[in-house]
file final25.txt (compact mmCIF, C-alpha atoms)
# COMPACT_ATOMS: atom_id res chain seq x y z
CA MET A 1 75.85 104.81 92.73
CA THR A 2 78.93 106.34 94.41
CA ASP A 3 81.39 104.35 96.47
CA GLU A 4 80.03 106.00 99.61
CA GLN A 5 76.46 105.00 98.71
CA MET A 6 77.53 101.44 97.93
CA VAL A 7 79.39 101.16 101.24
CA ALA A 8 76.44 102.55 103.19
CA GLY A 9 74.06 100.17 101.43
CA CYS A 10 76.34 97.17 101.93
CA LEU A 11 76.63 98.00 105.62
CA LYS A 12 72.83 97.75 105.76
CA GLY A 13 72.91 94.48 103.83
CA GLU A 14 71.06 95.93 100.83
CA PRO A 15 71.25 93.56 97.83
CA ILE A 16 71.05 96.48 95.36
CA ALA A 17 74.16 98.08 96.86
CA GLN A 18 75.98 94.74 96.94
CA LYS A 19 75.14 94.12 93.28
CA ALA A 20 76.30 97.63 92.35
CA LEU A 21 79.57 97.16 94.23
CA TYR A 22 80.14 93.80 92.57
CA LYS A 23 79.42 95.23 89.10
CA ALA A 24 81.70 98.20 89.73
CA TYR A 25 84.70 96.16 90.89
CA ALA A 26 84.35 92.53 89.75
CA ARG A 27 86.21 92.90 86.45
CA LYS A 28 89.26 94.58 88.00
CA MET A 29 89.27 92.15 90.93
CA MET A 30 89.03 89.17 88.58
CA SER A 31 92.26 90.32 86.93
CA ILE A 32 93.92 90.30 90.36
CA CYS A 33 92.55 86.84 91.09
CA MET A 34 93.75 85.55 87.71
CA ARG A 35 97.30 86.59 88.55
CA TYR A 36 97.32 84.29 91.56
CA ALA A 37 95.11 81.42 90.38
CA ASN A 38 96.01 78.30 88.42
CA GLY A 39 93.17 78.98 86.01
CA ARG A 40 89.91 80.80 85.44
CA GLU A 41 87.84 78.44 87.59
CA GLN A 42 90.10 78.89 90.60
CA ALA A 43 90.17 82.66 89.99
CA GLN A 44 86.37 82.71 90.02
CA ASP A 45 86.37 80.84 93.34
CA ILE A 46 88.82 83.35 94.78
CA LEU A 47 86.73 86.23 93.44
CA GLN A 48 83.56 84.85 94.98
CA ASP A 49 85.21 84.16 98.33
CA GLY A 50 86.79 87.61 98.22
CA PHE A 51 83.49 89.39 97.67
CA VAL A 52 81.91 87.38 100.47
CA LYS A 53 84.68 88.69 102.73
CA VAL A 54 84.21 92.23 101.40
CA PHE A 55 80.50 92.16 102.25
CA GLN A 56 81.07 90.51 105.64
CA LYS A 57 83.85 92.91 106.63
CA MET A 58 82.54 96.13 105.11
CA ASP A 59 82.49 97.61 108.61
CA HIS A 60 86.31 97.36 108.57
CA PHE A 61 86.56 99.78 105.63
CA ARG A 62 87.75 103.07 107.13
CA ALA A 63 87.46 105.24 104.00
CA ASP A 64 91.01 106.54 104.61
CA GLY A 65 91.89 105.33 101.11
CA PRO A 66 90.03 104.31 97.96
CA LEU A 67 87.41 101.58 98.23
CA GLY A 68 88.95 99.80 95.23
CA GLY A 69 92.29 99.56 97.02
CA TRP A 70 90.68 98.03 100.10
CA ILE A 71 88.77 95.52 97.96
CA ALA A 72 91.95 94.69 96.01
CA ARG A 73 93.85 94.00 99.24
CA THR A 74 90.99 91.73 100.34
CA MET A 75 91.25 89.85 97.03
CA VAL A 76 95.01 89.45 97.38
CA ASN A 77 94.58 88.15 100.93
CA THR A 78 91.86 85.76 99.78
CA ALA A 79 94.12 84.51 96.99
CA LEU A 80 96.93 83.99 99.51
CA ASP A 81 94.54 82.00 101.72
CA HIS A 82 93.77 79.73 98.76
CA ILE A 83 97.46 79.34 97.97
CA ARG A 84 98.39 78.54 101.58
CA ARG A 85 95.79 75.78 101.56
CA ASN A 86 97.52 74.27 98.51
CA LYS A 87 101.02 74.70 100.02
CA PRO A 88 103.24 75.42 97.01
CA TYR A 89 106.07 76.35 99.40
CA ASP A 90 106.85 72.89 100.74
CA HIS A 91 110.41 73.17 99.49
CA SER A 92 112.95 75.89 100.00
CA LEU A 93 115.08 77.00 97.10
CA ASP A 94 118.74 77.89 97.27
CA LEU A 95 119.20 81.57 96.51
CA THR A 96 122.48 80.88 94.71
CA GLU A 97 120.68 78.77 92.07
CA ALA A 98 118.68 81.74 90.75
CA GLU A 99 119.59 83.28 87.43
CA HIS A 100 119.99 87.03 87.00
CA LEU A 101 118.02 89.10 84.54
CA HIS A 102 119.40 91.64 82.13
CA ALA A 103 118.03 95.17 81.65
CA GLU A 104 116.61 94.09 78.29
CA ASP A 105 113.89 92.09 80.10
CA GLU A 106 112.04 95.25 81.02
CA GLN A 107 112.24 96.41 77.39
CA VAL A 108 110.75 93.15 76.10
CA VAL A 109 108.05 93.04 78.77
CA SER A 110 107.03 96.66 78.16
CA SER A 111 106.40 95.85 74.48
CA MET A 112 103.97 93.03 75.33
CA SER A 113 100.21 93.31 75.67
CA THR A 114 98.43 92.81 79.00
CA VAL A 115 96.97 89.54 77.71
CA GLU A 116 100.43 88.25 76.76
CA LEU A 117 101.81 89.21 80.17
CA MET A 118 98.89 87.53 81.96
CA GLU A 119 99.49 84.35 79.97
CA LEU A 120 103.17 84.36 80.96
CA ILE A 121 102.34 84.94 84.63
CA GLN A 122 99.73 82.17 84.51
CA ALA A 123 102.41 79.79 83.20
CA LEU A 124 104.49 80.21 86.35
CA PRO A 125 104.35 77.48 89.00
CA PRO A 126 102.11 78.59 91.92
CA GLY A 127 104.92 79.43 94.34
CA TYR A 128 106.82 81.50 91.81
CA ARG A 129 103.63 83.20 90.59
CA THR A 130 102.55 84.20 94.09
CA VAL A 131 105.86 85.77 95.08
CA PHE A 132 106.22 87.41 91.65
CA ASN A 133 102.78 88.99 91.97
CA LEU A 134 103.33 90.15 95.54
CA PHE A 135 106.77 91.63 94.88
CA ALA A 136 106.75 92.82 91.26
CA ILE A 137 103.10 93.77 90.87
CA GLU A 138 101.72 94.49 94.35
CA GLY A 139 104.99 96.02 95.61
CA TYR A 140 105.38 94.16 98.91
CA PRO A 141 108.92 93.84 100.31
CA HIS A 142 110.34 90.33 100.64
CA LYS A 143 110.26 90.52 104.43
CA GLU A 144 106.50 91.14 104.40
CA ILE A 145 105.93 88.49 101.72
CA ALA A 146 107.81 85.99 103.88
CA GLU A 147 105.57 86.82 106.84
CA MET A 148 102.41 86.58 104.72
CA LEU A 149 103.36 83.19 103.31
CA GLY A 150 105.06 81.70 106.34
CA VAL A 151 108.40 81.24 104.57
CA SER A 152 111.86 82.68 105.06
CA GLU A 153 112.84 85.97 103.46
CA ASN A 154 115.48 84.10 101.41
CA THR A 155 112.80 81.73 100.12
CA SER A 156 110.76 84.73 99.00
CA LYS A 157 113.77 86.23 97.24
CA SER A 158 114.67 82.92 95.68
CA GLN A 159 111.11 82.27 94.47
CA PHE A 160 111.07 85.74 92.87
CA MET A 161 114.42 85.28 91.17
CA LYS A 162 113.39 81.83 89.93
CA ALA A 163 110.11 83.31 88.65
CA ARG A 164 112.00 85.94 86.67
CA ALA A 165 114.35 83.32 85.23
CA TYR A 166 111.39 81.09 84.37
CA LEU A 167 109.58 84.01 82.72
CA ARG A 168 112.67 84.78 80.69
CA LYS A 169 112.53 81.25 79.26
CA LEU A 170 108.87 81.77 78.35
CA LEU A 171 109.32 85.15 76.68
CA PRO A 172 108.38 85.27 73.00
CA LYS A 173 110.89 85.07 70.16
CA GLU A 174 111.76 88.79 70.40
CA ALA A 175 113.33 88.07 73.79
CA ALA A 176 115.26 85.12 72.42
CA ASP A 177 116.67 87.42 69.75
CA ILE A 178 117.80 89.92 72.40
CA TYR A 179 119.37 87.26 74.63
CA GLY A 180 120.60 85.06 71.82
CA ASP A 181 120.17 81.33 71.77
CA GLY A 182 123.82 80.58 72.33
CA LYS A 183 124.39 79.63 68.68
CA GLU A 184 126.81 81.47 66.49
CA GLY A 185 125.21 82.55 63.23

call {"tool": "encode", "arguments": {"input": "final25.txt", "output": "structure tokens"}}
result
Amino acid sequence: MTDEQMVAGCLKGEPIAQKALYKAYARKMMSICMRYANGREQAQDILQDGFVKVFQKMDHFRADGPLGGWIARTMVNTALDHIRRNKPYDHSLDLTEAEHLHAEDEQVVSSMSTVELMELIQALPPGYRTVFNLFAIEGYPHKEIAEMLGVSENTSKSQFMKARAYLRKLLPKEAADIYGDGKEG
């Protein structure tokens, strides 16, 4: 079934089209949900809520871009709704406390598998993880992230910088070798 056929069927409320759409996009959307969730169970809840929204709001899809992109944006927004309900932004962080990353970070990260990267991202505290995903992976500017999350732009920047510093501490041994552990050998 093509995207156009699935959309047309979903607009008519046809279960076959809905099932086809779910099968076509669920795996990719679950990976998006996992980036924002605290675990698989929460990601599954986000995925389910997201697809409910997709089916309810299919009439909002304008076909001016790919269907997968529209569904992905719906999943991100659903994940943000879940996060806002849990309020991981109750505190503001001082931007000056954030550590700076070195260029070697990108080299280490690029050598890691997707599974390893997902595990690192999952290890981030919810506030850090959300901003990291929105900025580094989804590509939103800090100003827009701040508006989406109801925080200041500086809080968004600080959360991102803290996330990067936190990730650096979690990087595997290869990263520790690049950065050094501070001991003379």

call {"tool": "closest_residue", "arguments": {"input": "final25.txt", "among": "A:Leu80, A:Arg164, A:Asn86, A:Gly50", "to": "Ala146 (chain A)", "atoms": "only C-alpha atoms"}}
result
A:Leu80

call {"tool": "closest_residue", "arguments": {"input": "final25.txt", "among": "A:Leu117, A:Val7, A:Met30, A:Ala43", "to": "Leu67 (chain A)", "atoms": "all atoms listed in the file"}}
result
A:Val7

call {"tool": "residues_around", "arguments": {"input": "final25.txt", "residues": "region 9-25 of chain A", "least_positions_apart": "3", "cutoff": "10 Å", "atoms": "all atoms listed in the file", "output": "ChimeraX atom specification"}}
result
/A:1-6,28-30,48,51,54-59,67-68,71-72

call {"tool": "atom_distance", "arguments": {"input": "final25.txt", "atom1": "CA of Gly65 (chain A)", "atom2": "CA of Ile83 (chain A)"}}
result
26.8 Å

call {"tool": "atom_distance", "arguments": {"input": "final25.txt", "atom1": "CA of Ile137 (chain A)", "atom2": "CA of Glu41 (chain A)"}}
result
21.9 Å

call {"tool": "residues_near_point", "arguments": {"input": "final25.txt", "point": "(109.6, 89.4, 98.2)", "cutoff": "10 Å", "atoms": "only C-alpha atoms", "output": "ChimeraX atom specification"}}
result
/A:130-136,139-147,152-161

call {"tool": "atom_distance", "arguments": {"input": "final25.txt", "atom1": "CA of His82 (chain A)", "atom2": "CA of Met148 (chain A)"}}
result
12.5 Å

call {"tool": "axis_aligned_box", "arguments": {"input": "final25.txt", "around": "region 125-130 of chain A", "padding_each_side": "5 Å", "output": "lines of an AutoDock Vina configuration file"}}
result
center_x = 104.5
center_y = 80.8
center_z = 91.7
size_x = 14.7
size_y = 16.7
size_z = 15.3

call {"tool": "residues_near_point", "arguments": {"input": "final25.txt", "point": "(95.6, 82.8, 93.9)", "cutoff": "9 Å", "atoms": "all atoms listed in the file", "output": "list in words"}}
result
Ile32, Cys33, Met34, Arg35, Tyr36, Ala37, Asn38, Gln42, Ala43, Ile46, Met75, Val76, Asn77, Thr78, Ala79, Leu80, Asp81, His82, Ile83, Pro126, Arg129 and Thr130 of chain A
